[in-house]
file final28.cif (mmCIF, C-alpha atoms and all ligand atoms)
data_protein
#
loop_
_atom_site.label_atom_id
_atom_site.label_comp_id
_atom_site.auth_asym_id
_atom_site.auth_seq_id
_atom_site.Cartn_x
_atom_site.Cartn_y
_atom_site.Cartn_z
CA MET A 1 -7.88 16.70 -0.78
CA SER A 2 -7.73 14.09 -3.50
CA LEU A 3 -6.59 13.46 -7.07
CA SER A 4 -8.65 12.09 -9.91
CA LEU A 5 -7.13 11.05 -13.16
CA GLU A 6 -8.45 9.90 -16.51
CA ILE A 7 -5.82 9.76 -19.24
CA THR A 8 -4.88 7.97 -22.44
CA HIS A 9 -1.45 7.95 -24.05
CA GLN A 10 -0.07 6.07 -27.01
CA MET A 11 3.61 5.14 -27.33
CA PRO A 12 5.14 3.08 -30.14
CA ASP A 13 4.64 -0.29 -28.43
CA PHE A 14 2.48 0.61 -25.48
CA SER A 15 -0.82 2.26 -24.88
CA LEU A 16 -1.98 3.58 -21.55
CA SER A 17 -5.64 4.14 -20.73
CA VAL A 18 -6.33 4.61 -17.05
CA SER A 19 -8.89 6.20 -14.80
CA PHE A 20 -8.77 6.16 -11.01
CA GLU A 21 -9.02 8.23 -7.83
CA VAL A 22 -6.36 8.88 -5.23
CA PRO A 23 -8.16 9.72 -1.95
CA PRO A 24 -6.34 10.91 1.20
CA GLY A 25 -4.15 8.13 2.60
CA ILE A 26 -1.77 5.91 0.65
CA THR A 27 -2.85 4.69 -2.78
CA ALA A 28 -0.54 1.94 -3.96
CA LEU A 29 0.11 1.77 -7.69
CA PHE A 30 0.97 -1.85 -8.18
CA GLY A 31 1.70 -3.86 -11.29
CA PRO A 32 4.33 -5.90 -13.11
CA SER A 33 7.31 -4.32 -14.79
CA GLY A 34 6.20 -2.44 -17.90
CA SER A 35 2.55 -2.13 -16.79
CA GLY A 36 2.73 1.68 -16.90
CA LYS A 37 3.38 2.79 -13.30
CA THR A 38 6.18 5.22 -14.18
CA THR A 39 4.19 6.54 -17.13
CA VAL A 40 1.31 7.37 -14.75
CA ILE A 41 3.66 9.02 -12.22
CA ASN A 42 5.27 11.06 -15.03
CA ALA A 43 1.85 12.18 -16.26
CA VAL A 44 0.85 13.31 -12.74
CA SER A 45 4.14 15.10 -12.16
CA GLY A 46 4.00 16.86 -15.53
CA LEU A 47 7.07 15.20 -17.07
CA LEU A 48 4.84 13.52 -19.66
CA LYS A 49 1.99 15.16 -21.53
CA PRO A 50 -0.69 12.52 -22.16
CA ASP A 51 -2.51 12.50 -25.52
CA ALA A 52 -5.87 13.11 -23.89
CA GLY A 53 -7.70 13.30 -20.57
CA ARG A 54 -7.70 15.23 -17.36
CA ILE A 55 -5.97 15.21 -14.00
CA ILE A 56 -7.73 17.08 -11.20
CA LEU A 57 -5.88 17.79 -7.95
CA ALA A 58 -7.80 19.18 -4.98
CA GLY A 59 -10.54 20.38 -7.33
CA GLU A 60 -8.15 22.15 -9.71
CA PRO A 61 -7.34 20.80 -13.19
CA ILE A 62 -3.56 20.49 -13.48
CA PHE A 63 -3.99 18.86 -16.88
CA ASP A 64 -7.01 18.90 -19.16
CA THR A 65 -6.83 18.50 -22.93
CA SER A 66 -10.35 19.84 -23.52
CA LEU A 67 -9.58 22.99 -21.49
CA ARG A 68 -6.00 23.18 -22.89
CA ILE A 69 -4.53 23.16 -19.40
CA ASN A 70 -1.12 21.65 -18.74
CA LEU A 71 0.54 23.12 -15.65
CA PRO A 72 4.33 22.81 -15.67
CA PRO A 73 5.77 20.50 -12.97
CA HIS A 74 6.82 23.29 -10.58
CA LYS A 75 3.31 24.80 -10.56
CA ARG A 76 1.60 21.51 -9.66
CA ARG A 77 2.83 21.64 -6.06
CA LEU A 78 3.69 17.98 -5.67
CA GLY A 79 6.29 16.44 -3.37
CA TYR A 80 8.51 13.61 -4.61
CA VAL A 81 10.33 10.84 -2.84
CA PHE A 82 12.49 8.59 -5.00
CA GLN A 83 14.23 5.28 -4.38
CA ASP A 84 17.52 6.96 -3.61
CA GLY A 85 16.63 9.89 -1.28
CA ARG A 86 18.56 12.38 -3.48
CA LEU A 87 19.65 14.54 -0.53
CA PHE A 88 22.19 17.29 -1.06
CA PRO A 89 25.40 15.72 0.28
CA HIS A 90 27.06 19.03 1.17
CA LEU A 91 24.13 20.26 3.30
CA SER A 92 23.23 19.13 6.82
CA VAL A 93 19.96 17.30 7.40
CA GLU A 94 18.45 20.52 8.73
CA LYS A 95 19.54 22.48 5.64
CA ASN A 96 18.17 19.77 3.38
CA LEU A 97 14.84 20.13 5.17
CA LEU A 98 14.92 23.93 4.97
CA TYR A 99 15.58 23.62 1.24
CA GLY A 100 12.16 21.93 0.94
CA GLN A 101 10.62 24.79 2.89
CA ARG A 102 12.05 27.37 0.45
CA PHE A 103 9.62 26.17 -2.19
CA ALA A 104 6.60 26.27 0.09
CA PRO A 105 4.01 28.92 -0.74
CA GLN A 106 4.28 31.36 2.16
CA ASP A 107 0.59 32.29 2.13
CA GLU A 108 -0.61 28.77 2.95
CA PRO A 109 -0.44 26.93 6.25
CA GLY A 110 1.86 23.95 6.47
CA PRO A 111 3.79 21.82 8.93
CA SER A 112 6.80 23.22 10.78
CA LEU A 113 10.30 21.78 10.65
CA GLU A 114 9.85 20.67 14.25
CA SER A 115 6.57 18.84 13.65
CA VAL A 116 7.87 17.10 10.51
CA SER A 117 11.10 16.09 12.31
CA GLU A 118 9.07 14.72 15.17
CA LEU A 119 6.68 12.82 12.87
CA LEU A 120 9.58 11.16 11.08
CA GLY A 121 11.83 10.65 14.11
CA ILE A 122 14.70 12.73 12.70
CA SER A 123 14.94 15.49 15.34
CA SER A 124 18.23 14.09 16.66
CA LEU A 125 19.75 13.94 13.18
CA LEU A 126 19.38 17.61 12.20
CA GLN A 127 23.08 18.51 12.42
CA ARG A 128 24.31 15.33 10.73
CA ALA A 129 25.60 15.11 7.15
CA PRO A 130 23.59 12.87 4.77
CA GLY A 131 26.69 10.72 4.22
CA SER A 132 26.58 9.60 7.86
CA LEU A 133 22.95 8.43 7.77
CA SER A 134 21.59 4.92 7.22
CA GLY A 135 19.50 4.32 4.09
CA GLY A 136 16.30 4.37 6.17
CA GLU A 137 17.25 7.64 7.88
CA LYS A 138 18.05 9.22 4.49
CA GLN A 139 14.60 8.26 3.21
CA ARG A 140 12.94 9.74 6.27
CA VAL A 141 14.79 13.02 5.65
CA ALA A 142 13.78 12.91 1.97
CA ILE A 143 10.13 12.48 3.00
CA GLY A 144 10.51 15.37 5.47
CA ARG A 145 11.98 17.62 2.78
CA ALA A 146 9.09 16.79 0.45
CA LEU A 147 6.50 17.49 3.19
CA LEU A 148 8.05 20.85 4.06
CA SER A 149 7.47 22.09 0.53
CA ARG A 150 3.76 21.95 1.51
CA PRO A 151 2.75 19.77 -1.41
CA ARG A 152 -0.85 19.10 -2.32
CA MET A 153 0.11 15.49 -2.91
CA LEU A 154 3.12 13.18 -2.43
CA LEU A 155 4.47 10.94 -5.19
CA MET A 156 6.58 8.11 -3.82
CA ASP A 157 8.31 5.97 -6.42
CA GLU A 158 9.45 2.74 -4.74
CA PRO A 159 10.81 4.61 -1.71
CA LEU A 160 11.91 1.42 0.06
CA ALA A 161 13.29 -0.50 -2.92
CA ALA A 162 16.93 0.38 -2.21
CA LEU A 163 16.77 -0.60 1.49
CA ASP A 164 17.61 -3.94 3.08
CA GLU A 165 14.93 -5.77 5.10
CA PRO A 166 15.81 -4.40 8.57
CA ARG A 167 15.87 -0.80 7.22
CA LYS A 168 12.53 -1.38 5.50
CA GLU A 169 11.04 -2.59 8.75
CA GLU A 170 12.43 0.41 10.57
CA ILE A 171 10.80 2.90 8.19
CA LEU A 172 7.36 1.26 7.83
CA PRO A 173 5.97 2.66 11.13
CA TYR A 174 6.94 6.19 10.00
CA LEU A 175 5.11 5.69 6.71
CA GLU A 176 2.08 4.51 8.71
CA ARG A 177 2.24 7.69 10.80
CA LEU A 178 2.56 9.75 7.65
CA ARG A 179 -0.51 8.03 6.22
CA ASP A 180 -2.54 8.50 9.40
CA GLN A 181 -1.48 12.03 10.33
CA THR A 182 -1.41 13.94 7.04
CA VAL A 183 -4.42 14.81 4.92
CA ILE A 184 -2.70 14.87 1.54
CA PRO A 185 -3.08 11.98 -0.90
CA ILE A 186 0.01 9.83 -1.42
CA LEU A 187 0.53 7.90 -4.66
CA TYR A 188 2.94 5.12 -3.83
CA VAL A 189 4.55 2.90 -6.47
CA SER A 190 5.57 -0.49 -5.15
CA HIS A 191 6.53 -3.93 -6.36
CA SER A 192 6.03 -5.48 -2.93
CA VAL A 193 2.67 -6.97 -1.99
CA ALA A 194 3.74 -7.09 1.68
CA GLU A 195 4.42 -3.35 1.61
CA VAL A 196 1.11 -2.66 -0.13
CA ALA A 197 -0.78 -4.84 2.37
CA ARG A 198 0.83 -3.05 5.29
CA LEU A 199 0.52 0.54 4.06
CA ALA A 200 -2.11 1.04 1.39
CA THR A 201 -5.55 2.46 2.03
CA SER A 202 -6.39 2.04 -1.66
CA VAL A 203 -4.84 -0.08 -4.38
CA VAL A 204 -4.70 0.48 -8.13
CA LEU A 205 -3.67 -2.68 -9.93
CA LEU A 206 -2.20 -1.97 -13.37
CA ASP A 207 -1.69 -4.47 -16.14
CA LYS A 208 -0.56 -3.70 -19.70
CA GLY A 209 -1.49 -0.03 -19.45
CA SER A 210 -4.99 -0.58 -18.00
CA VAL A 211 -6.48 -0.61 -14.52
CA LEU A 212 -7.28 -4.20 -13.72
CA ARG A 213 -8.85 -3.38 -10.37
CA SER A 214 -8.91 -0.40 -8.02
CA GLY A 215 -10.55 0.34 -4.69
CA PRO A 216 -10.05 0.00 -0.93
CA ALA A 217 -7.00 -2.15 -0.15
CA GLU A 218 -8.99 -4.78 1.79
CA GLN A 219 -11.27 -5.35 -1.20
CA VAL A 220 -8.64 -5.43 -3.94
CA LEU A 221 -6.26 -7.69 -1.99
CA SER A 222 -8.95 -10.21 -1.05
CA ASP A 223 -10.37 -10.43 -4.57
CA PRO A 224 -9.54 -13.86 -6.01
CA THR A 225 -9.27 -12.39 -9.52
CA THR A 226 -6.21 -10.40 -8.45
CA VAL A 227 -4.31 -13.45 -7.23
CA ARG A 228 -2.44 -14.01 -10.50
CA GLN A 229 -1.15 -10.43 -10.56
CA LEU A 230 -0.17 -10.42 -6.89
CA GLY A 231 1.52 -13.80 -7.11
CA LEU A 232 0.20 -17.02 -5.60
CA ARG A 233 2.54 -17.01 -2.63
CA GLN A 234 1.80 -13.39 -1.82
CA ALA A 235 -1.97 -13.58 -2.15
CA GLY A 236 -3.91 -12.97 1.03
CA SER A 237 -6.30 -10.66 2.76
CA VAL A 238 -6.02 -7.70 5.09
CA LEU A 239 -8.35 -7.53 8.09
CA SER A 240 -9.07 -4.60 10.38
CA ALA A 241 -8.67 -5.66 14.00
CA ALA A 242 -8.74 -4.17 17.49
CA ILE A 243 -6.54 -5.38 20.34
CA THR A 244 -8.68 -6.65 23.20
CA ALA A 245 -6.15 -8.24 25.58
CA HIS A 246 -2.53 -9.26 26.10
CA HIS A 247 -2.21 -12.67 27.73
CA ALA A 248 0.50 -13.93 30.07
CA ASP A 249 1.42 -16.77 27.71
CA GLY A 250 2.72 -14.32 25.07
CA LEU A 251 -0.40 -14.04 22.94
CA THR A 252 -2.38 -10.97 22.00
CA GLU A 253 -6.14 -11.29 21.54
CA LEU A 254 -7.78 -9.32 18.76
CA THR A 255 -11.34 -8.80 17.61
CA VAL A 256 -12.02 -8.96 13.89
CA SER A 257 -15.46 -8.67 12.31
CA GLY A 258 -15.80 -12.46 12.09
CA GLY A 259 -14.61 -13.42 15.57
CA THR A 260 -11.47 -13.52 17.71
CA LEU A 261 -7.83 -14.03 16.75
CA PHE A 262 -4.88 -14.91 18.99
CA LEU A 263 -1.55 -13.78 17.55
CA PRO A 264 1.99 -13.54 18.90
CA LYS A 265 2.35 -10.66 21.37
CA MET A 266 2.00 -7.21 19.83
CA ASP A 267 3.71 -4.17 21.14
CA ARG A 268 0.59 -1.98 21.10
CA PRO A 269 -1.92 -1.05 23.82
CA VAL A 270 -5.32 -2.65 24.39
CA GLY A 271 -7.89 -0.77 22.29
CA ALA A 272 -5.42 -0.01 19.47
CA LYS A 273 -6.67 -0.56 15.95
CA THR A 274 -4.47 -2.71 13.76
CA ARG A 275 -4.50 -4.36 10.37
CA VAL A 276 -3.48 -7.95 10.00
CA ARG A 277 -2.43 -9.61 6.76
CA ILE A 278 -3.25 -13.29 6.47
CA LEU A 279 -1.77 -15.16 3.53
CA ALA A 280 -3.98 -17.48 1.50
CA GLN A 281 -1.48 -20.28 2.00
CA ASP A 282 -1.75 -20.01 5.79
CA ILE A 283 -5.46 -20.77 5.96
CA ILE A 284 -6.94 -24.26 6.19
CA VAL A 285 -10.61 -24.72 5.33
CA ALA A 286 -12.67 -27.10 7.50
CA GLY A 287 -16.19 -28.31 6.68
CA SER A 288 -17.17 -28.58 10.35
CA LEU A 289 -15.91 -27.04 13.59
CA PRO A 290 -12.59 -28.75 14.25
CA ARG A 291 -11.93 -30.08 17.74
CA ASP A 292 -8.60 -31.15 19.27
CA LEU A 293 -6.68 -28.98 16.88
CA SER A 294 -3.50 -27.09 17.74
CA ALA A 295 -4.52 -24.01 15.74
CA LEU A 296 -6.07 -21.36 17.98
CA ASN A 297 -7.83 -19.30 15.38
CA ILE A 298 -11.03 -20.66 13.91
CA LEU A 299 -13.37 -18.24 12.17
CA PRO A 300 -16.80 -19.29 10.88
CA ALA A 301 -17.13 -18.27 7.23
CA GLU A 302 -19.22 -18.68 4.11
CA VAL A 303 -17.68 -19.53 0.75
CA THR A 304 -18.25 -16.73 -1.77
CA THR A 305 -16.07 -17.81 -4.72
CA VAL A 306 -14.16 -20.91 -5.79
CA GLN A 307 -11.59 -19.93 -8.35
CA PRO A 308 -9.65 -22.70 -10.10
CA GLY A 309 -6.01 -22.02 -10.96
CA SER A 310 -4.06 -23.49 -13.84
CA GLY A 311 -2.45 -26.17 -11.63
CA PRO A 312 -3.77 -28.43 -8.87
CA GLY A 313 -4.83 -25.54 -6.65
CA VAL A 314 -7.94 -23.44 -6.20
CA VAL A 315 -8.41 -20.16 -4.40
CA ILE A 316 -11.40 -20.00 -2.08
CA GLN A 317 -12.80 -16.64 -1.09
CA MET A 318 -14.85 -16.67 2.12
CA ARG A 319 -16.87 -14.05 3.93
CA SER A 320 -16.12 -13.88 7.63
CA GLY A 321 -18.16 -11.15 9.34
CA SER A 322 -17.77 -8.16 7.05
CA ASP A 323 -14.27 -9.26 5.91
CA HIS A 324 -13.18 -11.52 3.11
CA LEU A 325 -10.52 -14.18 3.51
CA LEU A 326 -8.64 -16.06 0.82
CA ALA A 327 -7.44 -19.63 1.14
CA ARG A 328 -5.34 -21.65 -1.28
CA ILE A 329 -6.17 -25.32 -1.19
CA THR A 330 -5.96 -28.23 -3.63
CA ARG A 331 -8.68 -28.80 -6.18
CA ARG A 332 -8.89 -32.34 -4.82
CA SER A 333 -9.82 -31.06 -1.32
CA ALA A 334 -12.29 -28.54 -2.73
CA GLU A 335 -14.05 -31.29 -4.68
CA LYS A 336 -14.00 -33.74 -1.78
CA MET A 337 -15.50 -31.10 0.52
CA ARG A 338 -17.96 -30.02 -2.18
CA LEU A 339 -16.98 -26.38 -1.65
CA LYS A 340 -19.13 -23.99 -3.56
CA PRO A 341 -20.56 -20.51 -3.02
CA GLY A 342 -22.89 -20.53 -0.02
CA ALA A 343 -21.15 -23.41 1.78
CA HIS A 344 -20.64 -22.85 5.51
CA VAL A 345 -17.06 -23.55 6.56
CA PHE A 346 -14.45 -22.70 9.18
CA ALA A 347 -11.23 -20.87 8.35
CA VAL A 348 -8.37 -22.16 10.47
CA ILE A 349 -5.36 -19.84 10.91
CA LYS A 350 -2.16 -20.74 12.73
CA ALA A 351 -1.20 -17.92 15.12
CA VAL A 352 2.50 -18.21 14.37
CA SER A 353 1.99 -17.91 10.61
CA VAL A 354 1.25 -14.19 10.88
CA ALA A 355 4.60 -12.40 10.67
CA ARG A 356 5.29 -9.35 12.81
CA THR A 357 5.80 -7.28 9.65
CA ASP A 358 2.31 -8.27 8.49
CA ILE A 359 0.74 -6.43 11.41
CA GLY A 360 0.34 -2.70 10.98
CA THR A 361 -1.52 0.22 12.49
CA ARG A 362 -5.19 0.74 11.56
N1 LIG A 401 9.61 7.24 -23.97
C1 LIG A 401 9.10 6.05 -24.29
N2 LIG A 401 9.00 5.67 -25.57
C2 LIG A 401 8.47 4.47 -25.90
N3 LIG A 401 8.01 3.57 -25.01
C3 LIG A 401 8.10 3.88 -23.72
C4 LIG A 401 8.64 5.14 -23.28
N4 LIG A 401 8.58 5.18 -21.94
C5 LIG A 401 8.04 4.00 -21.54
N5 LIG A 401 7.75 3.24 -22.61
C6 LIG A 401 7.14 1.89 -22.59
O1 LIG A 401 5.93 1.98 -21.87
C7 LIG A 401 5.72 0.77 -21.12
C8 LIG A 401 5.41 1.09 -19.67
O2 LIG A 401 6.58 1.58 -19.05
P1 LIG A 401 6.63 2.08 -17.55
O3 LIG A 401 8.03 2.54 -17.29
O4 LIG A 401 5.54 3.07 -17.31
O5 LIG A 401 6.31 0.75 -16.74
P2 LIG A 401 6.48 0.45 -15.16
O6 LIG A 401 5.24 -0.24 -14.74
O7 LIG A 401 6.86 1.70 -14.45
O8 LIG A 401 7.68 -0.58 -15.15
P3 LIG A 401 8.85 -0.83 -14.03
O9 LIG A 401 8.17 -1.47 -12.87
O10 LIG A 401 9.78 -1.74 -14.73
O11 LIG A 401 9.44 0.52 -13.71
C9 LIG A 401 6.95 -0.09 -21.32
O12 LIG A 401 6.66 -1.04 -22.32
C10 LIG A 401 7.99 0.90 -21.81
O13 LIG A 401 8.91 0.26 -22.68
#
call {"tool": "encode", "arguments": {"input": "final28.cif", "output": "structure tokens", "more": "lines below"}}
Ligand SMILES: Nc1ncnc2c1ncn2[C@@H]1O[C@H](COP(=O)(O)OP(=O)(O)OP(=O)(O)O)[C@@H](O)[C@H]1O
result
Amino acid sequence: MSLSLEITHQMPDFSLSVSFEVPPGITALFGPSGSGKTTVINAVSGLLKPDAGRIILAGEPIFDTSLRINLPPHKRRLGYVFQDGRLFPHLSVEKNLLYGQRFAPQDEPGPSLESVSELLGISSLLQRAPGSLSGGEKQRVAIGRALLSRPRMLLMDEPLAALDEPRKEEILPYLERLRDQTVIPILYVSHSVAEVARLATSVVLLDKGSVLRSGPAEQVLSDPTTVRQLGLRQAGSVLSAAITAHHADGLTELTVSGGTLFLPKMDRPVGAKTRVRILAQDIIVAGSLPRDLSALNILPAEVTTVQPGSGPGVVIQMRSGSDHLLARITRRSAEKMRLKPGAHVFAVIKAVSVARTDIGTR
């Protein structure tokens, strides 16, 4: 199942013209305030009728100006999760979940209340009142309610924005399970690059009503042309890794396409697939293999792009195996080292610079 969308819409001071795909998994819709994220979500949900275009969900047009199709919101079979769970306060958790099920088409297969509760870790909360739940628990129930309506797609509009950091961290593994265990596409609006790097399978980067870049998360996030939109301090790349060993000194060894990484101990079994986010500011570029260095992680790489910024810095994109890494260094160093595309270098990464929250499943 997937969604494809190609729409244009003119408002008094804003014009939207976007075209992108939402495959199964989590597609993050990312962009600065006013870039058009809500307008896109409203067009998909049917709250806004675009001037022209088409939106195809699981092969069926839910909106098409040339075919004069514009399904009303309740016929689109979408599930929503908003910032503020919007649970019914007078109903128990179980009744909130059953409310979602009431709207499910009976003739189609879908998950059971038990399987959804298990997936989201809310089985022990079923008899509780929403008022007694933490913000993270409320959001998990809201996701469960949306899933039980057997939607063809989930729309999540900044579902973590109202939560504090510990609650966000608590809910991220459940969103990863949701991503990995359901087949429906999820369109996920977020302002947080860290969240996008941890969760997204695909990223659509919006700017002033247009798609600046879209594609697999690893590619979009490690593209130096997206650095300005993502923010210099947040720029970085996401690598797929597999855990190969846990060592007695508290380090976990991982294999990435370009070599081996040692990171602080991870709570996952040997063989598990993970994704690791490495910030551009945490990578040092060396012209030759460094010796007598405290950093444990040294990956051979080839410079692919040198992108100057407006200040004293440049962003270097390097290929390491089949992955791309970004490094932020000074223009002075780049010139001194004569870094240009094709140069063979070594990317040096400090193990402790990779935060626990920057390590996810898959
Ligand atoms: N009903 C409307 N009439 C006129 N302009 C509108 C209307 N709705 C939205 N806009 C304008 O369209 C632009 C995009 O708004 P939108 O809410 O889609 O952005 P956004 O990316 O979701 O922003 P945020 O992150 O702040 O929620 C803004 O300039 C907004 O003022």
call {"tool": "closest_residue", "arguments": {"input": "final28.cif", "among": "A:Pro109, A:Thr39, A:Ile7, A:Pro89", "to": "A:Phe63", "atoms": "all atoms listed in the file"}}
result
A:Ile7
call {"tool": "atom_distance", "arguments": {"input": "final28.cif", "atom1": "atom CA of A:Glu302", "atom2": "atom CA of A:Ile329"}}
result
15.6 Å
call {"tool": "closest_atom_pairs", "arguments": {"input": "final28.cif", "of": "chain A", "to": "ligand LIG 401 (chain A)", "cutoff": "12 Å", "atoms": "all atoms listed in the file", "output": "Markdown table"}}
result
| residue | atom | partner | partner_atom | distance |
| --- | --- | --- | --- | --- |
| A:His9 | CA | A:LIG401 | O1 | 9.7 |
| A:Gln10 | CA | A:LIG401 | N3 | 8.7 |
| A:Met11 | CA | A:LIG401 | C2 | 5.1 |
| A:Pro12 | CA | A:LIG401 | C2 | 5.6 |
| A:Asp13 | CA | A:LIG401 | N3 | 6.2 |
| A:Phe14 | CA | A:LIG401 | O1 | 5.2 |
| A:Ser15 | CA | A:LIG401 | O1 | 7.4 |
| A:Leu16 | CA | A:LIG401 | C8 | 8.0 |
| A:Ser17 | CA | A:LIG401 | C8 | 11.5 |
| A:Val18 | CA | A:LIG401 | O4 | 12.0 |
| A:Leu29 | CA | A:LIG401 | O6 | 8.9 |
| A:Phe30 | CA | A:LIG401 | O6 | 8.0 |
| A:Gly31 | CA | A:LIG401 | O6 | 6.1 |
| A:Pro32 | CA | A:LIG401 | O9 | 5.9 |
| A:Ser33 | CA | A:LIG401 | O9 | 3.5 |
| A:Gly34 | CA | A:LIG401 | O5 | 3.4 |
| A:Ser35 | CA | A:LIG401 | O6 | 3.9 |
| A:Gly36 | CA | A:LIG401 | O4 | 3.2 |
| A:Lys37 | CA | A:LIG401 | O7 | 3.8 |
| A:Thr38 | CA | A:LIG401 | O7 | 3.6 |
| A:Thr39 | CA | A:LIG401 | O4 | 3.7 |
| A:Val40 | CA | A:LIG401 | O4 | 6.6 |
| A:Ile41 | CA | A:LIG401 | O4 | 8.1 |
| A:Asn42 | CA | A:LIG401 | O4 | 8.3 |
| A:Ala43 | CA | A:LIG401 | O4 | 9.9 |
| A:Leu47 | CA | A:LIG401 | N1 | 10.8 |
| A:Leu48 | CA | A:LIG401 | N1 | 9.0 |
| A:Lys49 | CA | A:LIG401 | N1 | 11.3 |
| A:Pro50 | CA | A:LIG401 | N1 | 11.7 |
| A:Gln83 | CA | A:LIG401 | O11 | 11.5 |
| A:Asp157 | CA | A:LIG401 | O11 | 9.2 |
| A:Glu158 | CA | A:LIG401 | O11 | 9.2 |
| A:Ala161 | CA | A:LIG401 | O9 | 11.2 |
| A:Tyr188 | CA | A:LIG401 | O7 | 11.8 |
| A:Val189 | CA | A:LIG401 | O7 | 8.4 |
| A:Ser190 | CA | A:LIG401 | O9 | 8.2 |
| A:His191 | CA | A:LIG401 | O9 | 7.1 |
| A:Ser192 | CA | A:LIG401 | O9 | 10.9 |
| A:Val204 | CA | A:LIG401 | O6 | 12.0 |
| A:Leu205 | CA | A:LIG401 | O6 | 10.4 |
| A:Leu206 | CA | A:LIG401 | O6 | 7.8 |
| A:Asp207 | CA | A:LIG401 | O6 | 8.2 |
| A:Lys208 | CA | A:LIG401 | C8 | 7.7 |
| A:Gly209 | CA | A:LIG401 | C8 | 7.0 |
| A:Ser210 | CA | A:LIG401 | C8 | 10.7 |
| A:Val211 | CA | A:LIG401 | O6 | 11.7 |
call {"tool": "atom_distance", "arguments": {"input": "final28.cif", "atom1": "atom CA of A:Val270", "atom2": "atom CA of A:His246"}}
result
7.4 Å
call {"tool": "closest_residue", "arguments": {"input": "final28.cif", "among": "A:Leu3, A:Leu133, A:Ala146, A:Leu126", "to": "A:Pro111", "atoms": "all atoms listed in the file"}}
result
A:Ala146
call {"tool": "atom_distance", "arguments": {"input": "final28.cif", "atom1": "atom CA of A:Pro23", "atom2": "atom CA of A:Pro61"}}
result
15.8 Å
call {"tool": "residues_around", "arguments": {"input": "final28.cif", "residues": "stretch 295-297 of chain A", "least_positions_apart": "3", "cutoff": "6 Å", "atoms": "all atoms listed in the file", "output": "list in words"}}
result
Leu261, Val348, Ile349 and Lys350 of chain A
call {"tool": "residues_around", "arguments": {"input": "final28.cif", "residues": "stretch 171-180 of chain A", "least_positions_apart": "3", "cutoff": "6 Å", "atoms": "all atoms listed in the file", "output": "list in words"}}
result
Gly25, Leu120 and Lys168 of chain A
call {"tool": "closest_residue", "arguments": {"input": "final28.cif", "among": "A:Val141, A:Ala197, A:Ala272, A:Met153", "to": "A:Ser237", "atoms": "all atoms listed in the file"}}
result
A:Ala197
call {"tool": "residues_around", "arguments": {"input": "final28.cif", "residues": "A:Glu94", "least_positions_apart": "5", "cutoff": "12 Å", "atoms": "only C-alpha atoms", "output": "PDB file with C-alpha atoms, in the frame of the given file"}}
result
ATOM      1  CA  LEU A  87      19.650  14.540  -0.530  1.00  0.00           C
ATOM      2  CA  PHE A  88      22.190  17.290  -1.060  1.00  0.00           C
ATOM      3  CA  PRO A  89      25.400  15.720   0.280  1.00  0.00           C
ATOM      4  CA  TYR A  99      15.580  23.620   1.240  1.00  0.00           C
ATOM      5  CA  GLY A 100      12.160  21.930   0.940  1.00  0.00           C
ATOM      6  CA  GLN A 101      10.620  24.790   2.890  1.00  0.00           C
ATOM      7  CA  LEU A 113      10.300  21.780  10.650  1.00  0.00           C
ATOM      8  CA  GLU A 114       9.850  20.670  14.250  1.00  0.00           C
ATOM      9  CA  VAL A 116       7.870  17.100  10.510  1.00  0.00           C
ATOM     10  CA  SER A 117      11.100  16.090  12.310  1.00  0.00           C
ATOM     11  CA  ILE A 122      14.700  12.730  12.700  1.00  0.00           C
ATOM     12  CA  SER A 123      14.940  15.490  15.340  1.00  0.00           C
ATOM     13  CA  SER A 124      18.230  14.090  16.660  1.00  0.00           C
ATOM     14  CA  LEU A 125      19.750  13.940  13.180  1.00  0.00           C
ATOM     15  CA  LEU A 126      19.380  17.610  12.200  1.00  0.00           C
ATOM     16  CA  GLN A 127      23.080  18.510  12.420  1.00  0.00           C
ATOM     17  CA  ARG A 128      24.310  15.330  10.730  1.00  0.00           C
ATOM     18  CA  ALA A 129      25.600  15.110   7.150  1.00  0.00           C
ATOM     19  CA  PRO A 130      23.590  12.870   4.770  1.00  0.00           C
ATOM     20  CA  VAL A 141      14.790  13.020   5.650  1.00  0.00           C
ATOM     21  CA  ALA A 142      13.780  12.910   1.970  1.00  0.00           C
ATOM     22  CA  GLY A 144      10.510  15.370   5.470  1.00  0.00           C
ATOM     23  CA  ARG A 145      11.980  17.620   2.780  1.00  0.00           C
ATOM     24  CA  LEU A 148       8.050  20.850   4.060  1.00  0.00           C
TER      25      LEU A 148
END
call {"tool": "build_atoms", "arguments": {"input": "final28.cif", "residues": "stretch 341-346 of chain A", "atoms": "N, CA and C atoms", "output": "compact mmCIF listing (two decimals), keeping the file's coordinate frame"}}
result
# COMPACT_ATOMS: atom_id res chain seq x y z
N PRO A 341 -20.02 -21.70 -3.66
CA PRO A 341 -20.56 -20.51 -3.02
C PRO A 341 -21.78 -20.84 -2.16
N GLY A 342 -21.78 -20.28 -0.95
CA GLY A 342 -22.89 -20.53 -0.02
C GLY A 342 -22.54 -21.56 1.04
N ALA A 343 -21.49 -22.36 0.81
CA ALA A 343 -21.15 -23.41 1.78
C ALA A 343 -20.65 -22.78 3.08
N HIS A 344 -21.09 -23.34 4.21
CA HIS A 344 -20.64 -22.85 5.51
C HIS A 344 -19.41 -23.63 5.94
N VAL A 345 -18.34 -22.91 6.24
CA VAL A 345 -17.06 -23.55 6.56
C VAL A 345 -16.43 -22.87 7.77
N PHE A 346 -15.24 -23.34 8.13
CA PHE A 346 -14.45 -22.70 9.18
C PHE A 346 -13.05 -22.45 8.64
